[in-house]
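What follows is one structure encoded as structure tokens, with my remarks underneath.
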Amino acid sequence: MYSLRHATSDLWTQTVINNMDDFLIDHAAAEKKASGMAISMLSHYPDRTRLVKAMIDLSIEEMTHFREVVKIMTERGLQLAADEKDPYINEFRKAMRKGSEPYFLDRLLTAGIIEARGCERFGLVGEALPAGQLQDFYRLIAKSEAKHNTLFIDLAGLYFSENQIAERMDQLLDLEADIVSKLPIRAALH
């Protein structure tokens with residue numbers, strides 16, 4: 001197992017709690033994009049049967065999360081906004097290597113790291129919210145995200161050696177820590 005190398009600040013958590021409506025809108029977009037990413041993965045790698053099955057399940061789960069966030073938004077009188085580019089994801093994409101197999105490994109590992117960051121941040125939100133339905137929701141989302149990051153690492157283990165995974169994961173975790181340390185504090189997942 002691995003650990004993220006930069007902890008999210010208390011200031012980020014407080015910013016989210018103070019701007020929960022903005023965070024909900026961003027969260028909905030993130031869930032929709034996560035479902036789309038899973039569909040993209042199964043479309044690009046149709047010959048990898050176990051990956052296809054896992055991505056079908058993941059896309060449905062992420063879309064279910066999207067539906068639940070939209071339901072909460074509707075209860076609060078909010079509506080979806082146009083998708084915005086995510087600076088965190090875009091920086092990660094710049095590190096993706098060329099070549100079929102290196103790119104595939106990078107996709108799996110970065111997806112796992114992104115899910116780990118989501119798990120950390122949803123957990124922080126779940127702990128900071130007052131007791132109630134919204135807190136319960138974010139605690140459940142954090143548990144779900146925890147399963148997702150291990151899913152991608154487990155999938156990488158089907159196609160790559162432990163050494164390949166460990167070496168590249170070490171590089172990507174350093175990169176992710178650098179990216180996160182430079183992100184502006186805002187009521188957004190990243």
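Simple scheme: letters A, B, ... for chains in structure tokens order, numbers from 1 for residues in each chain, numbers from 1 for ligands in the order shown.
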Please report as a tab-separated table every residue of range 58-112 of chain A lying within 12 Å of range 144-165 of chain A, along with the nearest atom pair and their distance in Å (one decimal), using only C-alpha atoms.
```
residue	atom	partner	partner_atom	distance
A:Leu58	CA	A:His148	CA	8.0
A:Ser59	CA	A:His148	CA	11.1
A:Glu61	CA	A:Ser144	CA	8.9
A:Glu62	CA	A:Ser144	CA	9.5
A:Thr64	CA	A:Ser144	CA	11.5
A:His65	CA	A:Ser144	CA	9.6
A:Glu101	CA	A:Phe160	CA	9.0
A:Pro102	CA	A:Gln164	CA	9.6
A:Tyr103	CA	A:Ala156	CA	11.7
A:Phe104	CA	A:Ala156	CA	8.7
A:Leu105	CA	A:Ala156	CA	6.5
A:Asp106	CA	A:Ile165	CA	9.2
A:Arg107	CA	A:Phe152	CA	8.9
A:Leu108	CA	A:Phe152	CA	5.4
A:Leu109	CA	A:Ile153	CA	6.2
A:Thr110	CA	A:Phe152	CA	8.6
A:Ala111	CA	A:Phe152	CA	6.6
A:Gly112	CA	A:Asn149	CA	4.0
```
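Near range 23-34 of chain A, within a cut-off of 8 Å and counting only C-alpha atoms, sit the residues Val16, Asn19, Met20, Asp21, Gly36, Met37, Ala38, Ser59, Glu62, Met63, His65, Phe66, Val69, Val70, Met73, Leu78, Gln79, Leu80, Ala81, Asp83, Ala187, Ala188 and Leu189 of chain A, with same-chain residues fewer than 2 positions away left out.
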Secondary structure check, alpha helix (DSSP H) residues of range 42-132 of chain A, as an MDAnalysis selection string:
chainID A and resid 42:44 49:75 87:94 100:128
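You will find CA of His6 in chain A at 24.2 Å from CA of Glu84 in chain A.
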Please compute the CA of Ser40 in chain A-CA of Glu91 in chain A distance, one decimal, in Å.
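Interatomic distance here is 19.1 Å.
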Determine, counting only C-alpha atoms, which protein, DNA and RNA residues have an atom within 12 Å of an atom of Leu140 in chain A; residues of the same chain fewer than 5 positions away are not included. Present the result as a PyMOL selection string.
chain A and resi 65+68+119+122-123+125-127+133-135+145-147
How about saving the chosen residues, C-alpha atoms kept, as a compact mmCIF listing (two decimals), in the first residue's frame?
```
# COMPACT_ATOMS: atom_id res chain seq x y z
CA HIS A 65 -22.82 9.15 -6.65
CA GLU A 68 -27.03 11.47 -5.16
CA CYS A 119 -10.99 9.70 -0.27
CA PHE A 122 -14.23 13.58 1.31
CA GLY A 123 -13.25 12.10 4.67
CA VAL A 125 -15.46 17.03 4.80
CA GLY A 126 -17.38 14.20 6.43
CA GLU A 127 -15.61 14.78 9.73
CA GLN A 133 -27.60 13.58 6.46
CA LEU A 134 -24.85 15.51 4.65
CA GLN A 135 -22.18 14.27 7.06
CA GLU A 145 -13.36 6.24 -2.72
CA ALA A 146 -11.05 4.14 -0.53
CA LYS A 147 -12.11 1.06 -2.47
```
Report as a count of residues only all protein, DNA and RNA residues lying within 12 Å of Asn90 in chain A, evaluated on only C-alpha atoms, omitting residues in the same chain fewer than 5 positions from it.
10
Quick one: distance from CA of Thr13 in chain A to CA of Glu120 in chain A in Å, one decimal?
10.7 Å
Of A:Leu129, A:Ile56, A:Ile113, A:Ile141, the one nearest to Asp170 in chain A when counting only C-alpha atoms is A:Ile113
